[in-house]
file upload.txt (compact mmCIF, C-alpha atoms and all ligand atoms)
# COMPACT_ATOMS: atom_id res chain seq x y z
CA MET A 654 0.00 0.00 0.00
CA GLU A 655 1.22 3.47 -0.83
CA ASN A 656 1.88 5.72 2.15
CA ARG A 657 0.65 9.13 1.15
CA ASN A 658 1.41 10.73 4.47
CA SER A 659 4.94 10.33 5.71
CA GLU A 660 3.81 10.95 9.30
CA ILE A 661 1.64 7.88 9.43
CA ARG A 662 2.74 4.30 9.38
CA LEU A 663 0.83 1.66 7.47
CA ALA A 664 1.03 -1.93 8.60
CA PRO A 665 2.35 -4.53 6.15
CA THR A 666 -0.35 -6.64 4.51
CA ARG A 667 -1.03 -10.30 3.82
CA LYS A 668 -2.88 -11.71 0.84
CA LEU A 669 -6.23 -13.39 1.26
CA ARG A 670 -7.28 -16.26 -0.99
CA ASN A 671 -9.44 -13.83 -3.00
CA GLY A 672 -6.29 -11.80 -3.81
CA ALA A 673 -7.21 -8.91 -1.49
CA GLU A 674 -4.56 -7.38 0.75
CA ILE A 675 -5.39 -7.30 4.46
CA PRO A 676 -3.27 -5.38 6.98
CA ILE A 677 -1.53 -7.52 9.62
CA ILE A 678 -3.29 -5.59 12.41
CA GLY A 679 -6.76 -4.12 12.72
CA LEU A 680 -8.79 -2.17 15.26
CA GLY A 681 -11.48 -4.09 17.17
CA THR A 682 -14.73 -2.22 17.76
CA PHE A 683 -16.54 -4.16 20.48
CA GLY A 684 -16.91 -1.66 23.32
CA SER A 685 -17.41 -4.52 25.84
CA ASP A 686 -20.53 -2.80 27.24
CA LYS A 687 -18.03 -0.29 28.71
CA TYR A 688 -17.35 2.20 25.94
CA THR A 689 -20.09 4.07 24.07
CA ALA A 690 -20.68 3.91 20.33
CA ASN A 691 -19.36 7.45 19.99
CA GLN A 692 -16.19 6.65 21.91
CA VAL A 693 -15.54 3.66 19.65
CA ALA A 694 -16.27 5.71 16.52
CA GLU A 695 -13.90 8.43 17.70
CA ALA A 696 -11.23 5.73 18.13
CA VAL A 697 -11.85 4.54 14.56
CA TYR A 698 -11.37 8.13 13.38
CA GLY A 699 -8.10 8.54 15.28
CA ALA A 700 -6.84 5.08 14.41
CA VAL A 701 -7.36 5.52 10.67
CA LYS A 702 -5.59 8.87 10.88
CA ALA A 703 -2.75 7.05 12.66
CA GLY A 704 -2.49 4.45 9.88
CA TYR A 705 -4.99 1.68 10.67
CA ARG A 706 -6.80 0.43 7.59
CA LEU A 707 -8.52 -2.71 8.91
CA ILE A 708 -11.57 -2.09 11.13
CA ASP A 709 -13.37 -5.11 12.61
CA CYS A 710 -17.07 -4.29 12.91
CA ALA A 711 -20.24 -6.24 13.75
CA ALA A 712 -23.92 -5.41 13.84
CA VAL A 713 -24.19 -6.66 17.43
CA TYR A 714 -21.62 -4.12 18.64
CA GLN A 715 -24.36 -1.52 18.07
CA ASN A 716 -22.03 1.14 16.73
CA GLU A 717 -21.90 0.61 12.96
CA LYS A 718 -23.91 3.79 12.33
CA GLU A 719 -21.48 5.93 14.33
CA ILE A 720 -18.51 4.19 12.69
CA GLY A 721 -20.11 4.76 9.28
CA GLU A 722 -20.28 8.48 10.00
CA VAL A 723 -16.57 8.69 10.75
CA ILE A 724 -15.68 6.57 7.72
CA ALA A 725 -17.59 9.07 5.56
CA LYS A 726 -15.77 11.93 7.29
CA LEU A 727 -12.35 10.32 6.79
CA ILE A 728 -13.06 9.82 3.10
CA ALA A 729 -14.47 13.35 2.71
CA GLU A 730 -11.38 14.80 4.39
CA GLY A 731 -9.12 12.89 2.01
CA VAL A 732 -7.46 10.87 4.78
CA VAL A 733 -8.24 7.60 2.97
CA THR A 734 -10.17 6.30 0.02
CA ARG A 735 -12.75 3.54 0.37
CA GLU A 736 -10.42 1.18 -1.51
CA GLU A 737 -7.64 1.74 1.03
CA LEU A 738 -9.85 0.64 3.90
CA PHE A 739 -10.59 -2.96 4.82
CA ILE A 740 -13.92 -3.06 6.65
CA THR A 741 -15.46 -6.20 8.10
CA SER A 742 -18.92 -6.82 9.50
CA LYS A 743 -20.75 -9.84 10.90
CA VAL A 744 -24.23 -11.27 10.75
CA TRP A 745 -25.61 -11.66 14.27
CA ASN A 746 -27.15 -14.89 15.49
CA ASP A 747 -30.78 -13.77 15.25
CA ARG A 748 -30.42 -13.02 11.51
CA HIS A 749 -29.22 -16.39 10.21
CA ARG A 750 -32.44 -16.84 8.20
CA ASP A 751 -32.29 -13.28 6.94
CA VAL A 752 -28.66 -12.58 6.05
CA GLU A 753 -29.34 -10.35 3.07
CA ALA A 754 -31.46 -7.91 5.09
CA ALA A 755 -28.93 -7.99 7.94
CA CYS A 756 -26.06 -7.28 5.56
CA ASN A 757 -28.00 -4.48 3.87
CA GLU A 758 -28.57 -2.88 7.29
CA SER A 759 -24.86 -3.07 8.11
CA LEU A 760 -23.99 -1.59 4.70
CA ARG A 761 -26.48 1.21 5.22
CA ASP A 762 -25.20 1.93 8.73
CA LEU A 763 -21.56 1.81 7.66
CA GLY A 764 -22.39 3.96 4.61
CA LEU A 765 -20.75 1.44 2.26
CA ASP A 766 -21.83 -0.42 -0.86
CA TYR A 767 -19.66 -3.42 0.04
CA VAL A 768 -17.72 -4.81 2.98
CA ASP A 769 -14.34 -6.44 2.46
CA LEU A 770 -15.15 -9.43 4.65
CA TYR A 771 -18.46 -10.58 6.13
CA PHE A 772 -18.48 -13.11 8.95
CA ILE A 773 -21.04 -15.48 10.31
CA HIS A 774 -20.45 -14.28 13.87
CA TRP A 775 -21.35 -17.54 15.66
CA PRO A 776 -22.20 -20.95 14.19
CA PHE A 777 -25.54 -21.00 16.04
CA PRO A 778 -28.75 -19.02 15.55
CA ASN A 779 -28.78 -18.66 19.36
CA TYR A 780 -28.59 -15.13 20.61
CA HIS A 781 -28.55 -13.13 23.77
CA ALA A 782 -29.59 -9.56 24.40
CA PRO A 783 -26.66 -7.11 24.36
CA GLY A 784 -25.39 -6.53 27.89
CA CYS A 785 -27.00 -9.69 29.32
CA SER A 786 -25.61 -11.48 32.39
CA GLY A 787 -23.53 -14.68 32.23
CA ASP A 788 -26.41 -16.93 33.36
CA ALA A 789 -28.87 -15.59 30.76
CA ARG A 790 -30.25 -18.36 28.49
CA ASN A 791 -32.51 -18.18 25.47
CA PRO A 792 -35.14 -21.00 25.50
CA ASP A 793 -35.05 -21.08 21.68
CA SER A 794 -31.33 -21.98 21.59
CA LYS A 795 -30.37 -25.07 19.58
CA PRO A 796 -27.22 -27.15 19.08
CA PHE A 797 -25.08 -26.68 15.98
CA SER A 798 -26.69 -27.95 12.78
CA VAL A 799 -24.67 -28.44 9.58
CA ASP A 800 -27.80 -27.93 7.46
CA GLU A 801 -28.76 -24.69 9.15
CA TYR A 802 -25.20 -23.38 9.02
CA ILE A 803 -24.89 -24.15 5.34
CA ASP A 804 -28.21 -22.46 4.67
CA THR A 805 -26.78 -19.32 6.31
CA TYR A 806 -23.53 -19.73 4.40
CA ARG A 807 -25.38 -20.04 1.06
CA GLN A 808 -26.94 -16.65 1.75
CA CYS A 809 -23.41 -15.25 2.22
CA GLU A 810 -22.32 -16.87 -1.04
CA LYS A 811 -25.19 -15.07 -2.78
CA LEU A 812 -24.07 -11.74 -1.29
CA TYR A 813 -20.53 -12.52 -2.45
CA LYS A 814 -21.72 -13.15 -6.01
CA GLU A 815 -23.65 -9.88 -5.92
CA GLY A 816 -20.49 -8.03 -4.87
CA LYS A 817 -21.90 -6.81 -1.55
CA ILE A 818 -19.27 -8.76 0.34
CA ARG A 819 -15.79 -9.29 -1.09
CA ALA A 820 -14.99 -12.34 1.04
CA ILE A 821 -16.79 -14.66 3.43
CA GLY A 822 -15.57 -15.29 6.96
CA MET A 823 -16.43 -17.79 9.67
CA SER A 824 -16.03 -17.15 13.37
CA ASN A 825 -16.01 -19.15 16.60
CA MET A 826 -15.63 -22.46 14.77
CA THR A 827 -13.87 -25.69 15.74
CA VAL A 828 -11.95 -28.19 13.60
CA LYS A 829 -14.86 -30.63 13.86
CA LYS A 830 -17.39 -28.06 12.62
CA LEU A 831 -15.05 -26.92 9.83
CA GLU A 832 -14.55 -30.54 8.74
CA ALA A 833 -18.32 -30.83 8.42
CA VAL A 834 -19.02 -27.60 6.55
CA LEU A 835 -15.98 -26.84 4.38
CA PRO A 836 -16.66 -29.65 1.87
CA LEU A 837 -20.12 -28.10 1.35
CA CYS A 838 -18.89 -24.57 0.63
CA GLU A 839 -19.06 -23.48 -2.98
CA ILE A 840 -16.91 -20.45 -2.18
CA MET A 841 -14.29 -21.19 0.46
CA PRO A 842 -14.15 -18.84 3.47
CA ALA A 843 -11.22 -16.43 3.29
CA ALA A 844 -10.82 -15.98 7.05
CA LEU A 845 -11.67 -17.41 10.43
CA GLU A 846 -12.07 -15.12 13.42
CA MET A 847 -10.88 -17.02 16.50
CA GLU A 848 -9.86 -16.25 20.07
CA LEU A 849 -6.07 -16.08 20.01
CA HIS A 850 -3.62 -14.85 22.64
CA PRO A 851 -0.59 -16.34 24.44
CA ALA A 852 -2.84 -17.95 27.08
CA PHE A 853 -5.09 -19.53 24.40
CA GLN A 854 -3.17 -20.43 21.28
CA GLN A 855 -5.49 -23.06 19.73
CA PRO A 856 -2.57 -24.64 17.82
CA GLU A 857 -4.65 -27.38 16.17
CA LEU A 858 -7.33 -25.02 14.84
CA PHE A 859 -4.70 -22.47 13.83
CA LYS A 860 -2.76 -25.04 11.77
CA TYR A 861 -5.97 -26.43 10.29
CA VAL A 862 -7.04 -23.09 8.84
CA LYS A 863 -3.53 -22.02 7.79
CA ASP A 864 -3.12 -25.30 5.88
CA ARG A 865 -6.31 -24.50 3.97
CA ASP A 866 -5.43 -20.89 3.12
CA ILE A 867 -8.02 -19.51 5.53
CA MET A 868 -6.60 -16.45 7.32
CA PRO A 869 -6.76 -16.61 11.13
CA ILE A 870 -7.91 -13.30 12.57
CA GLY A 871 -7.16 -13.23 16.27
CA PHE A 872 -9.72 -11.73 18.60
CA CYS A 873 -9.04 -10.81 22.24
CA PRO A 874 -5.33 -10.63 21.28
CA LEU A 875 -4.50 -8.97 24.62
CA GLY A 876 -6.67 -11.32 26.65
CA SER A 877 -9.54 -8.82 26.63
CA PRO A 878 -8.86 -7.21 30.02
CA SER A 879 -12.04 -5.08 29.74
CA ARG A 880 -14.39 -7.88 28.69
CA PRO A 881 -17.92 -7.95 30.10
CA GLU A 882 -18.59 -9.59 33.48
CA ARG A 883 -20.45 -12.48 31.79
CA ASP A 884 -17.16 -13.55 30.16
CA ARG A 885 -15.12 -13.71 33.38
CA THR A 886 -14.38 -16.69 35.65
CA ASP A 887 -11.94 -17.12 38.53
CA GLU A 888 -9.81 -19.57 36.50
CA ASP A 889 -9.14 -17.13 33.64
CA VAL A 890 -5.48 -16.43 32.89
CA ALA A 891 -4.56 -12.84 31.96
CA ALA A 892 -2.26 -13.07 28.93
CA MET A 893 -0.55 -9.75 29.67
CA GLN A 894 0.29 -10.94 33.20
CA MET A 895 1.85 -14.27 32.28
CA PRO A 896 5.42 -14.29 33.64
CA GLU A 897 6.83 -15.34 30.25
CA ILE A 898 5.14 -12.35 28.58
CA VAL A 899 6.17 -9.90 31.31
CA GLU A 900 9.77 -11.09 31.08
CA ILE A 901 9.97 -10.75 27.29
CA ALA A 902 8.32 -7.33 27.50
CA ALA A 903 10.98 -6.20 29.96
CA ALA A 904 13.73 -7.44 27.62
CA HIS A 905 12.25 -5.30 24.82
CA GLY A 906 11.45 -2.38 27.10
CA ILE A 907 7.78 -2.44 26.08
CA HIS A 908 4.33 -3.06 27.60
CA PRO A 909 3.25 -6.75 27.67
CA ALA A 910 0.54 -5.78 25.16
CA GLY A 911 3.32 -5.38 22.60
CA VAL A 912 4.58 -8.92 23.16
CA CYS A 913 1.08 -10.37 22.69
CA LEU A 914 0.62 -8.50 19.42
CA LYS A 915 4.08 -9.24 18.03
CA TRP A 916 3.58 -12.93 18.82
CA SER A 917 0.19 -12.99 17.09
CA ALA A 918 1.45 -11.22 13.98
CA GLN A 919 4.62 -13.33 13.85
CA ILE A 920 2.78 -16.67 13.92
CA GLY A 921 0.88 -15.43 10.87
CA ALA A 922 -2.39 -14.28 12.43
CA ILE A 923 -4.02 -10.87 12.20
CA PRO A 924 -4.62 -9.47 15.68
CA ILE A 925 -7.47 -6.97 16.06
CA PRO A 926 -6.83 -5.27 19.43
CA PHE A 927 -9.46 -2.87 20.71
CA SER A 928 -8.69 0.43 22.34
CA VAL A 929 -10.27 3.86 22.52
CA LYS A 930 -7.04 5.35 23.90
CA PRO A 931 -4.83 6.97 21.24
CA GLU A 932 -1.58 6.15 23.04
CA GLN A 933 -2.62 2.47 23.15
CA TYR A 934 -3.87 2.05 19.59
CA LYS A 935 -0.91 3.95 18.15
CA ALA A 936 1.51 1.80 20.17
CA ASN A 937 -0.32 -1.37 19.09
CA LEU A 938 0.20 -0.53 15.43
CA ALA A 939 3.87 0.25 16.01
CA TYR A 940 4.44 -3.01 17.94
CA VAL A 941 3.70 -5.19 14.90
CA CYS A 942 5.81 -3.03 12.58
CA GLU A 943 9.13 -3.01 14.46
CA ASP A 944 11.48 -4.92 16.79
CA PRO A 945 10.24 -8.49 16.22
CA LEU A 946 10.49 -11.21 18.86
CA THR A 947 13.39 -13.64 18.50
CA ASP A 948 12.89 -17.30 17.59
CA GLU A 949 13.75 -18.19 21.15
CA GLU A 950 11.12 -15.81 22.51
CA MET A 951 8.54 -17.21 20.11
CA LYS A 952 9.34 -20.75 21.30
CA LYS A 953 9.08 -19.68 24.91
CA ILE A 954 5.59 -18.26 24.27
CA ALA A 955 4.50 -21.39 22.37
CA ALA A 956 5.49 -23.48 25.39
CA ALA A 957 3.61 -21.13 27.74
CA ASP A 958 0.13 -21.82 26.28
CA ARG A 959 -2.41 -22.19 29.13
CA ASN A 960 -5.25 -23.43 26.90
CA CYS A 961 -7.46 -20.89 28.67
CA ARG A 962 -10.52 -19.88 26.66
CA LEU A 963 -11.97 -16.55 27.81
CA ILE A 964 -15.02 -16.17 25.54
CA LYS A 965 -16.79 -19.37 26.55
CA GLY A 966 -20.12 -18.57 24.94
CA GLN A 967 -22.20 -20.10 27.73
CA VAL A 968 -25.03 -17.65 27.01
CA PHE A 969 -25.60 -19.59 23.76
CA LEU A 970 -26.17 -22.94 25.47
CA TRP A 971 -29.36 -24.83 24.60
CA GLU A 972 -31.67 -26.77 26.86
CA GLY A 973 -30.00 -29.95 28.11
CA ALA A 974 -26.47 -28.60 27.62
CA ASP A 975 -25.13 -27.09 30.83
CA ASP A 976 -21.40 -26.95 30.21
CA TRP A 977 -19.96 -24.23 27.95
CA ARG A 978 -17.59 -26.84 26.47
CA ALA A 979 -20.55 -28.15 24.44
CA ILE A 980 -20.34 -24.93 22.39
CA TRP A 981 -16.81 -25.86 21.30
CA GLU A 982 -17.32 -29.48 20.23
N1 LIG A 1001 -15.73 -12.86 16.49
C1 LIG A 1001 -16.01 -12.78 17.79
O1 LIG A 1001 -16.86 -13.52 18.31
C2 LIG A 1001 -15.28 -11.79 18.64
C3 LIG A 1001 -15.26 -11.97 20.03
C4 LIG A 1001 -14.58 -11.04 20.80
C5 LIG A 1001 -13.92 -9.97 20.20
N2 LIG A 1001 -13.97 -9.81 18.85
C6 LIG A 1001 -13.27 -8.67 18.17
O2 LIG A 1001 -11.94 -8.62 18.67
C7 LIG A 1001 -11.68 -7.30 19.17
C8 LIG A 1001 -10.63 -7.36 20.26
O3 LIG A 1001 -11.05 -8.12 21.37
P1 LIG A 1001 -11.36 -7.44 22.79
O4 LIG A 1001 -11.74 -6.03 22.55
O5 LIG A 1001 -12.33 -8.31 23.50
O6 LIG A 1001 -10.00 -7.62 23.58
P2 LIG A 1001 -8.49 -7.12 23.47
O7 LIG A 1001 -8.25 -6.40 22.20
O8 LIG A 1001 -7.66 -8.31 23.79
O9 LIG A 1001 -8.40 -6.12 24.71
C9 LIG A 1001 -8.81 -4.79 24.60
C10 LIG A 1001 -8.44 -4.03 25.86
O10 LIG A 1001 -7.04 -4.13 26.10
C11 LIG A 1001 -6.54 -2.94 26.66
N3 LIG A 1001 -5.45 -2.44 25.79
C12 LIG A 1001 -5.49 -2.19 24.45
N4 LIG A 1001 -4.29 -1.78 24.00
C13 LIG A 1001 -3.46 -1.75 25.08
C14 LIG A 1001 -2.12 -1.39 25.27
N5 LIG A 1001 -1.34 -1.00 24.25
N6 LIG A 1001 -1.62 -1.46 26.53
C15 LIG A 1001 -2.38 -1.88 27.56
N7 LIG A 1001 -3.67 -2.23 27.45
C16 LIG A 1001 -4.20 -2.18 26.21
C17 LIG A 1001 -7.70 -1.96 26.71
O11 LIG A 1001 -8.18 -1.97 28.05
P3 LIG A 1001 -8.74 -0.60 28.74
O12 LIG A 1001 -9.89 -0.21 27.90
O13 LIG A 1001 -9.11 -1.06 30.11
O14 LIG A 1001 -7.59 0.38 28.67
C18 LIG A 1001 -8.72 -2.55 25.78
O15 LIG A 1001 -10.04 -2.26 26.16
C19 LIG A 1001 -13.06 -6.80 19.60
O16 LIG A 1001 -13.10 -5.41 19.81
C20 LIG A 1001 -13.90 -7.30 18.44
O17 LIG A 1001 -13.76 -6.45 17.32
C21 LIG A 1001 -14.62 -10.71 18.06
call {"tool": "encode", "arguments": {"input": "upload.txt", "output": "structure tokens", "more": "lines below"}}
Ligand SMILES: NC(=O)c1ccc[n+]([C@@H]2O[C@H](COP(=O)([O-])OP(=O)(O)OC[C@H]3O[C@@H](n4cnc5c(N)ncnc54)[C@H](OP(=O)(O)O)[C@@H]3O)[C@@H](O)[C@H]2O)c1
result
Amino acid sequence: MENRNSEIRLAPTRKLRNGAEIPIIGLGTFGSDKYTANQVAEAVYGAVKAGYRLIDCAAVYQNEKEIGEVIAKLIAEGVVTREELFITSKVWNDRHRDVEAACNESLRDLGLDYVDLYFIHWPFPNYHAPGCSGDARNPDSKPFSVDEYIDTYRQCEKLYKEGKIRAIGMSNMTVKKLEAVLPLCEIMPAALEMELHPAFQQPELFKYVKDRDIMPIGFCPLGSPSRPERDRTDEDVAAMQMPEIVEIAAAHGIHPAGVCLKWSAQIGAIPIPFSVKPEQYKANLAYVCEDPLTDEEMKKIAAADRNCRLIKGQVFLWEGADDWRAIWE
């Protein structure tokens, strides 16, 4: 990508299977029920000015309209063109039978005529109200169904053929679910959004998608320290507090956040850290562009995996399934 402003730094890119270039870092936009839509939109404005080009959006984050307004402003001000941006969105669980309308709403809110990547946010039609508590359950929730998933996916394939979405993404999948659905895809997914940080490295899933030219996009890359209460348990490991991460950060003279992001980018993922704080999001972009971790440091982090999933998804459990692990079968 051309850098038209010498004061800003653009992240290197990777190629997706559809030929599109995607930056190796993006800005997350889930405010974790803590930051308002306007705060997140203001962060998108500042982050794009600082050099971010990938913005990870979703209808359920309830801020696409505000983000759309700042995208329009950034384009009007000549900071970026639409083509230079890489904007994602996601169909929420209650719209699996109605993907076209859901996508049209996201496009309208974002003020775009296409998104670069459109995810099926969760592989279930089960949904919870935004801001719900951890023990909230929806009586209509159902277990994963290959047929229902593929029906939702076909709707995405139609949107792809119409040019409204430039690539299809899956999210919150497992190897077993991918094994079941990938042979049925007419258009292969270009990316998988998955939880990925030093305390939860998912090596099997990561290798599985890499081997199939599906780009892993790592969510909660810093271990989501501001995640909602419903996603917290006493056993959770904080990636940025792991002794291995703290030690490597000290050796580089940086915040542990930088080690998490360098690790993610260096294994070949695309981390999408969230922040509304300019000093944080600017630093996060710089971390993946300079001073890489050594092979030894990378090995040390690989050996430090705690297999600790933070986003357990228990609010999507169906009747008869009481353990969140059922979500991840
Ligand atoms: N597909 C899915 O199902 C799914 C699920 C979860 C998330 N996501 C996506 O992934 C994105 C990222 O995940 P996340 O927001 O949960 O977690 P995260 O990016 O791991 O953590 C974000 C938090 O880390 C802190 N932080 C950010 N930069 C920092 C820095 N340089 N130094 C110190 N602290 C820093 C901030 O905390 P403070 O605000 O307290 O400063 C910020 O709120 C989301 O915004 C969303 O776009 C997708």
call {"tool": "residues_near_ligand", "arguments": {"input": "upload.txt", "ligand": "ligand LIG 1001 (chain A)", "cutoff": "7 Å", "atoms": "all atoms listed in the file", "output": "number ranges by chain"}}
result
A: 680-685, 709-710, 774-775, 824-825, 846-848, 872-880, 908, 910-911, 925-930, 933-934, 936-937, 964
call {"tool": "residues_around", "arguments": {"input": "upload.txt", "residues": "Asp804 (chain A)", "least_positions_apart": "2", "cutoff": "12 Å", "atoms": "all atoms listed in the file", "output": "number ranges by chain"}}
result
A: 748-752, 773, 776-778, 798-802, 806-811, 834, 837-839
call {"tool": "residues_around", "arguments": {"input": "upload.txt", "residues": "Leu963 (chain A)", "least_positions_apart": "6", "cutoff": "8 Å", "atoms": "only C-alpha atoms", "output": "MDAnalysis selection string"}}
result
chainID A and resid 876 884:885 889
call {"tool": "closest_residue", "arguments": {"input": "upload.txt", "among": "A:Tyr771, A:Phe739, A:Phe797, A:Trp916", "to": "Pro851 (chain A)", "atoms": "all atoms listed in the file"}}
result
A:Trp916
call {"tool": "closest_residue", "arguments": {"input": "upload.txt", "among": "A:Leu663, A:Val828, A:Cys756, A:Ala852", "to": "Thr741 (chain A)", "atoms": "all atoms listed in the file"}}
result
A:Cys756
call {"tool": "closest_residue", "arguments": {"input": "upload.txt", "among": "A:Ile720, A:Ile898, A:Ala729, A:Glu736", "to": "Leu760 (chain A)", "atoms": "only C-alpha atoms"}}
result
A:Ile720
call {"tool": "residues_around", "arguments": {"input": "upload.txt", "residues": "Leu770 (chain A)", "least_positions_apart": "2", "cutoff": "8 Å", "atoms": "only C-alpha atoms", "output": "PDB file with C-alpha atoms, in the frame of the given file"}}
result
ATOM      1  CA  PHE A 739     -10.590  -2.960   4.820  1.00  0.00           C
ATOM      2  CA  ILE A 740     -13.920  -3.060   6.650  1.00  0.00           C
ATOM      3  CA  THR A 741     -15.460  -6.200   8.100  1.00  0.00           C
ATOM      4  CA  SER A 742     -18.920  -6.820   9.500  1.00  0.00           C
ATOM      5  CA  VAL A 768     -17.720  -4.810   2.980  1.00  0.00           C
ATOM      6  CA  PHE A 772     -18.480 -13.110   8.950  1.00  0.00           C
ATOM      7  CA  ILE A 818     -19.270  -8.760   0.340  1.00  0.00           C
ATOM      8  CA  ARG A 819     -15.790  -9.290  -1.090  1.00  0.00           C
ATOM      9  CA  ALA A 820     -14.990 -12.340   1.040  1.00  0.00           C
ATOM     10  CA  ILE A 821     -16.790 -14.660   3.430  1.00  0.00           C
ATOM     11  CA  GLY A 822     -15.570 -15.290   6.960  1.00  0.00           C
TER      12      GLY A 822
END
call {"tool": "closest_residue", "arguments": {"input": "upload.txt", "among": "A:Cys942, A:Ala725, A:Ile803, A:Glu832", "to": "Tyr705 (chain A)", "atoms": "all atoms listed in the file"}}
result
A:Cys942
call {"tool": "axis_aligned_box", "arguments": {"input": "upload.txt", "around": "region 939-944 of chain A", "padding_each_side": "4 Å", "output": "lines of an AutoDock Vina configuration file"}}
result
center_x = 7.6
center_y = -2.5
center_z = 15.3
size_x = 15.8
size_y = 13.4
size_z = 13.4
call {"tool": "atom_distance", "arguments": {"input": "upload.txt", "atom1": "CA of Arg662 (chain A)", "atom2": "CA of Leu938 (chain A)"}}
result
8.1 Å
call {"tool": "build_atoms", "arguments": {"input": "upload.txt", "residues": "region 720-737 of chain A", "atoms": "N, CA and C atoms", "output": "CSV table (one decimal), in the coordinates of the input"}}
result
chain,number,residue,atom,x,y,z
A,720,ILE,N,-19.8,4.5,13.4
A,720,ILE,CA,-18.5,4.2,12.7
A,720,ILE,C,-18.7,4.6,11.2
A,721,GLY,N,-19.8,4.3,10.7
A,721,GLY,CA,-20.1,4.8,9.3
A,721,GLY,C,-19.9,6.3,9.1
A,722,GLU,N,-20.4,7.0,10.1
A,722,GLU,CA,-20.3,8.5,10.0
A,722,GLU,C,-18.8,8.9,10.0
A,723,VAL,N,-18.0,8.3,10.8
A,723,VAL,CA,-16.6,8.7,10.8
A,723,VAL,C,-15.9,8.2,9.5
A,724,ILE,N,-16.3,7.0,9.0
A,724,ILE,CA,-15.7,6.6,7.7
A,724,ILE,C,-16.0,7.6,6.6
A,725,ALA,N,-17.2,8.1,6.6
A,725,ALA,CA,-17.6,9.1,5.6
A,725,ALA,C,-16.8,10.3,5.7
A,726,LYS,N,-16.6,10.7,7.0
A,726,LYS,CA,-15.8,11.9,7.3
A,726,LYS,C,-14.3,11.7,6.9
A,727,LEU,N,-13.7,10.6,7.2
A,727,LEU,CA,-12.4,10.3,6.8
A,727,LEU,C,-12.2,10.4,5.3
A,728,ILE,N,-13.2,9.8,4.6
A,728,ILE,CA,-13.1,9.8,3.1
A,728,ILE,C,-13.2,11.2,2.6
A,729,ALA,N,-14.2,12.0,3.2
A,729,ALA,CA,-14.5,13.4,2.7
A,729,ALA,C,-13.3,14.2,3.0
A,730,GLU,N,-12.6,14.0,4.1
A,730,GLU,CA,-11.4,14.8,4.4
A,730,GLU,C,-10.1,14.4,3.6
A,731,GLY,N,-10.3,13.3,2.8
A,731,GLY,CA,-9.1,12.9,2.0
A,731,GLY,C,-8.1,12.1,2.8
A,732,VAL,N,-8.4,11.6,4.0
A,732,VAL,CA,-7.5,10.9,4.8
A,732,VAL,C,-7.2,9.5,4.1
A,733,VAL,N,-8.3,8.9,3.7
A,733,VAL,CA,-8.2,7.6,3.0
A,733,VAL,C,-9.3,7.6,1.9
A,734,THR,N,-9.1,6.6,1.0
A,734,THR,CA,-10.2,6.3,0.0
A,734,THR,C,-10.9,5.0,0.5
A,735,ARG,N,-12.0,4.8,0.0
A,735,ARG,CA,-12.8,3.5,0.4
A,735,ARG,C,-11.9,2.3,0.1
A,736,GLU,N,-11.2,2.4,-1.1
A,736,GLU,CA,-10.4,1.2,-1.5
A,736,GLU,C,-9.3,0.9,-0.6
A,737,GLU,N,-8.8,1.9,0.1
A,737,GLU,CA,-7.6,1.7,1.0
A,737,GLU,C,-8.1,1.1,2.4
